[in-house]
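Have a look at the structure below before the remarks.
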Amino acid sequence: MFPVLAFAIFCGLLAQNTQGYASPQAIVNLGPEMLQRLISHRLDSQALVGRLQNLPLQSILQGGSGGLLGLGNLPVLGGLVDGLLGNILGVKIRNIELLRLDIRLDEVAKHIIVTVPADVEIEINLPLNLGRLLHVKLYLDIQVAVRILTDPVSGHVKLVVGNCHNNPGHLRITLLNKKGPLLQTVNNLLRAVTDILEKTVPHLLQKELCPLVNMLLEDVLNLLQGSSSSYVHGDMIQLRPSSTSLRNGVMQIGYEGTVRLPGGQNYIVPSGTAPLPHAPLGDAPMNMLLSDHLLSAMLRAFLTPRAINIHSPQEGGIRALQVSYGAPVLALTVGRIEVKQNIDVKVYSGRHLFTVRATVTSLGAVSVAGGSLRLTLHLEGIDNLSLINSSVGNFDVQHLTGAISHLVSAFLLPHQNHLLAEGFPLPLVQQLGVDHLNAAPGQNALLLFAPPLAS
């Protein structure tokens, strides 16, 4: 399965590296559907509805038409409407429905347009002779532009919340109950209500709702621009956003990797063997590319060179073994994650008998759960056996291939897989609410992609 999928994604893709700064070690691609989900999940609907409930609509309507309705030539009718507006008994917001967010990516202007649509149903309490209640529905669009600003020197990018306003072309007002006495007067009253609301609601929304919407979006932007860090045996591996762009209807965030060593020095993970390729989303709402160099840094942080001791209960034979392993070397090819390690096996029976060196080749299986990437190693083979030293004379170490394979499978790899089980947190995955990512190894890069979102 993996080779076919990886070929479909990686073969024929041109490497993209047009920036003047180092190519990233990780790239996250987010489609509009995933951005909509992220913002919706973090949007405090109750707070928005609460602000809408508290809009001072009654005092605004009771302020009168102000001569804006063209009724100046009909003073009696104009006075009647103003009188009705001034004698409104009450304005009640019966229902507020926040509709599905709309996300639009403007690649030319480098803007992300976020639209929060809402339906607000209003009940206006009139004097008895006009049928008592006037039901009106407002269709609102609160629109915010998020700008992408790039530092011309470093190339680093910052997301900034721009202007928030009600889209004036989308404000519509509808009379829900169109029957009742004095319908002409009600229609004129509706014209007055409509005119007043059209001139005041945009300002009200900008004053009352925009600060809240901006605050919520700032929270989302901080999340998108946040770093992912993991402490592994005293070393901190950090992925920090280094670039953001809009391309082909997708928001793309690039990350650079650093390793902070126990002594406090920072080691910057070099760019991969080749720039990360462009990976179209297809049906996936998001995907992620990790370079071979980044994965190697992660692996080496988990599997620092060390020795493990194994005691044997055999009488008169081998009493103890010590297996030392060096830094792992990772290679990514299409459909395959390969890890090679040199090991030294020291054999004791009261005294040191001999030391054998070998190269262990393992295949890696990737899983992503709980927002963390985990690599599990499975033995593929043992080769390059050589006798380093011996107190029992020379012998053909090839006869030990089976015994060393058993030693690696039964002791070394379970020990290393236990260390790797801690996992490395990936940027944004947990915050996006993605429970699972599929993996497709490619040439010098690992592709992780989310299944389609449930409708």
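We label chains A, B, ... in the order they appear in the structure tokens, count residues from 1 in each chain, and number ligands from 1 in the order shown.
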
With the cut-off set at 8 Å and counting only C-alpha atoms, tabulate each residue of stretch 222-296 of chain A with an atom at most that distance from an atom of stretch 325-339 of chain A, showing the nearest atom pair and its distance in Å to one decimal, ordered by chain and increasing number, as a Markdown table.
| residue | atom | partner | partner_atom | distance |
| --- | --- | --- | --- | --- |
| A:Asp292 | CA | A:Leu332 | CA | 6.4 |
| A:Leu295 | CA | A:Leu330 | CA | 7.7 |
| A:Ser296 | CA | A:Leu330 | CA | 5.7 |

Write the residues you've just listed into a file as a PDB file, in the first residue's frame, and include N, CA and C atoms for each of them.
ATOM      1  N   ASP A 292      14.091  14.198   6.172  1.00  0.00           N
ATOM      2  CA  ASP A 292      14.883  13.095   6.718  1.00  0.00           C
ATOM      3  C   ASP A 292      15.831  13.584   7.810  1.00  0.00           C
ATOM      4  N   LEU A 295      13.802  13.986  11.094  1.00  0.00           N
ATOM      5  CA  LEU A 295      13.509  12.685  11.682  1.00  0.00           C
ATOM      6  C   LEU A 295      14.763  12.052  12.272  1.00  0.00           C
ATOM      7  N   SER A 296      15.909  12.253  11.613  1.00  0.00           N
ATOM      8  CA  SER A 296      17.171  11.726  12.147  1.00  0.00           C
ATOM      9  C   SER A 296      17.501  12.378  13.483  1.00  0.00           C
TER      10      SER A 296
END

Next on the checklist: Using DSSP secondary structure from the backbone, list all strand (DSSP E) positions within stretch 276-322 of chain A, as a PyMOL selection string.
Outcome noted: chain A and resi 286-291+306-311+320-322

Residues from last step as file, all heavy atoms, as a compact mmCIF listing (two decimals), in the first residue's frame:
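Below is the file part_23.txt, written as the result:
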# COMPACT_ATOMS: atom_id res chain seq x y z
N MET A 286 -5.70 18.25 5.67
CA MET A 286 -4.37 18.76 6.03
C MET A 286 -3.35 17.66 5.81
O MET A 286 -3.67 16.47 5.83
CB MET A 286 -4.33 19.25 7.47
CG MET A 286 -4.53 18.19 8.56
SD MET A 286 -3.01 17.32 9.07
CE MET A 286 -2.11 18.63 9.85
N ASN A 287 -2.10 18.08 5.56
CA ASN A 287 -1.01 17.12 5.55
C ASN A 287 0.24 17.77 6.10
O ASN A 287 0.28 18.99 6.35
CB ASN A 287 -0.79 16.50 4.16
CG ASN A 287 -0.32 17.50 3.12
OD1 ASN A 287 0.37 18.48 3.43
ND2 ASN A 287 -0.67 17.26 1.86
N MET A 288 1.27 16.97 6.29
CA MET A 288 2.50 17.44 6.89
C MET A 288 3.67 16.68 6.27
O MET A 288 3.59 15.47 6.05
CB MET A 288 2.46 17.20 8.41
CG MET A 288 3.69 17.65 9.18
SD MET A 288 3.54 17.26 10.96
CE MET A 288 2.03 18.12 11.38
N LEU A 289 4.74 17.42 5.98
CA LEU A 289 5.97 16.82 5.46
C LEU A 289 7.08 17.02 6.48
O LEU A 289 7.27 18.12 7.00
CB LEU A 289 6.36 17.47 4.13
CG LEU A 289 5.57 17.05 2.89
CD1 LEU A 289 5.80 18.05 1.77
CD2 LEU A 289 6.00 15.66 2.44
N LEU A 290 7.81 15.94 6.78
CA LEU A 290 8.95 15.99 7.69
C LEU A 290 10.19 15.55 6.92
O LEU A 290 10.18 14.51 6.25
CB LEU A 290 8.73 15.07 8.89
CG LEU A 290 7.44 15.29 9.70
CD1 LEU A 290 7.33 14.25 10.80
CD2 LEU A 290 7.41 16.69 10.29
N SER A 291 11.27 16.34 7.02
CA SER A 291 12.49 16.02 6.30
C SER A 291 13.23 14.86 6.96
O SER A 291 13.04 14.56 8.15
CB SER A 291 13.42 17.24 6.22
OG SER A 291 14.03 17.47 7.48
N ARG A 306 24.35 4.09 24.16
CA ARG A 306 24.39 3.59 25.53
C ARG A 306 24.61 2.09 25.50
O ARG A 306 24.62 1.46 24.44
CB ARG A 306 23.12 3.92 26.29
CG ARG A 306 21.88 3.20 25.76
CD ARG A 306 20.62 3.59 26.53
NE ARG A 306 20.32 5.01 26.35
CZ ARG A 306 19.45 5.67 27.09
NH1 ARG A 306 18.82 5.04 28.07
NH2 ARG A 306 19.21 6.94 26.86
N ALA A 307 24.78 1.50 26.69
CA ALA A 307 24.97 0.05 26.83
C ALA A 307 23.88 -0.51 27.72
O ALA A 307 23.46 0.13 28.70
CB ALA A 307 26.34 -0.25 27.42
N ILE A 308 23.39 -1.69 27.37
CA ILE A 308 22.42 -2.39 28.21
C ILE A 308 23.03 -3.72 28.63
O ILE A 308 23.70 -4.39 27.83
CB ILE A 308 21.07 -2.58 27.49
CG1 ILE A 308 21.23 -3.37 26.19
CG2 ILE A 308 20.41 -1.25 27.22
CD1 ILE A 308 19.91 -3.69 25.51
N ASN A 309 22.82 -4.06 29.88
CA ASN A 309 23.39 -5.29 30.43
C ASN A 309 22.32 -6.37 30.53
O ASN A 309 21.18 -6.10 30.94
CB ASN A 309 23.98 -5.02 31.82
CG ASN A 309 25.14 -4.03 31.76
OD1 ASN A 309 26.03 -4.17 30.92
ND2 ASN A 309 25.13 -3.05 32.65
N ILE A 310 22.71 -7.57 30.13
CA ILE A 310 21.79 -8.71 30.14
C ILE A 310 22.46 -9.82 30.93
O ILE A 310 23.58 -10.25 30.61
CB ILE A 310 21.48 -9.19 28.70
CG1 ILE A 310 20.93 -8.04 27.86
CG2 ILE A 310 20.52 -10.37 28.72
CD1 ILE A 310 20.89 -8.32 26.38
N HIS A 311 21.79 -10.30 31.96
CA HIS A 311 22.34 -11.36 32.80
C HIS A 311 21.77 -12.71 32.38
O HIS A 311 20.58 -12.83 32.10
CB HIS A 311 22.04 -11.09 34.28
CG HIS A 311 22.66 -9.82 34.79
ND1 HIS A 311 24.00 -9.72 35.09
CD2 HIS A 311 22.13 -8.59 35.01
CE1 HIS A 311 24.27 -8.51 35.49
NE2 HIS A 311 23.15 -7.79 35.46
N ALA A 320 26.90 -13.24 31.42
CA ALA A 320 26.39 -11.88 31.17
C ALA A 320 26.76 -11.43 29.77
O ALA A 320 27.75 -11.90 29.19
CB ALA A 320 26.95 -10.90 32.20
N LEU A 321 25.93 -10.54 29.28
CA LEU A 321 26.16 -9.90 27.98
C LEU A 321 26.00 -8.40 28.15
O LEU A 321 25.19 -7.93 28.95
CB LEU A 321 25.15 -10.39 26.94
CG LEU A 321 25.10 -11.89 26.63
CD1 LEU A 321 23.86 -12.22 25.82
CD2 LEU A 321 26.35 -12.30 25.86
N GLN A 322 26.75 -7.65 27.39
CA GLN A 322 26.58 -6.19 27.33
C GLN A 322 26.47 -5.79 25.87
O GLN A 322 27.35 -6.10 25.07
CB GLN A 322 27.74 -5.47 28.00
CG GLN A 322 27.52 -3.95 28.06
CD GLN A 322 28.70 -3.22 28.66
OE1 GLN A 322 29.72 -3.04 28.00
NE2 GLN A 322 28.56 -2.81 29.93

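Residue nearest A:Asp119 within the list A:Ala145, A:Val392, A:Leu57, A:Leu52: A:Leu52 [criterion: smallest interatomic distance, only C-alpha atoms].
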
request  = For atom CA of A:Leu276 and atom CA of A:Leu239, determine how far apart the two atoms are, in Å to one decimal place.
outcome  =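 For atom CA of A:Leu276 relative to atom CA of A:Leu239, the distance reads 15.6 Å.
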
*Closest to A:Thr200 among A:Ser45, A:Gly257, A:Pro56, A:Asn444, using only C-alpha atoms?*
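Closest candidate: A:Pro56.
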
Atom CA of A:Leu246 sits from atom CA of A:Val161 at a separation of 15.9 Å

Residues within 12 Å of A:Val408, only C-alpha atoms, excluding chain neighbours under 3 positions, as a PyMOL selection string: chain A and resi 308+310+321-325+341-345+358-362+377-382+401-405+411-417

Exercise for review: Please provide the set of residues having any atom within 12 Å of A:Val28, restricted to only C-alpha atoms, with same-chain residues fewer than 2 positions apart removed, written as a count of residues only.
Suggested key: 46
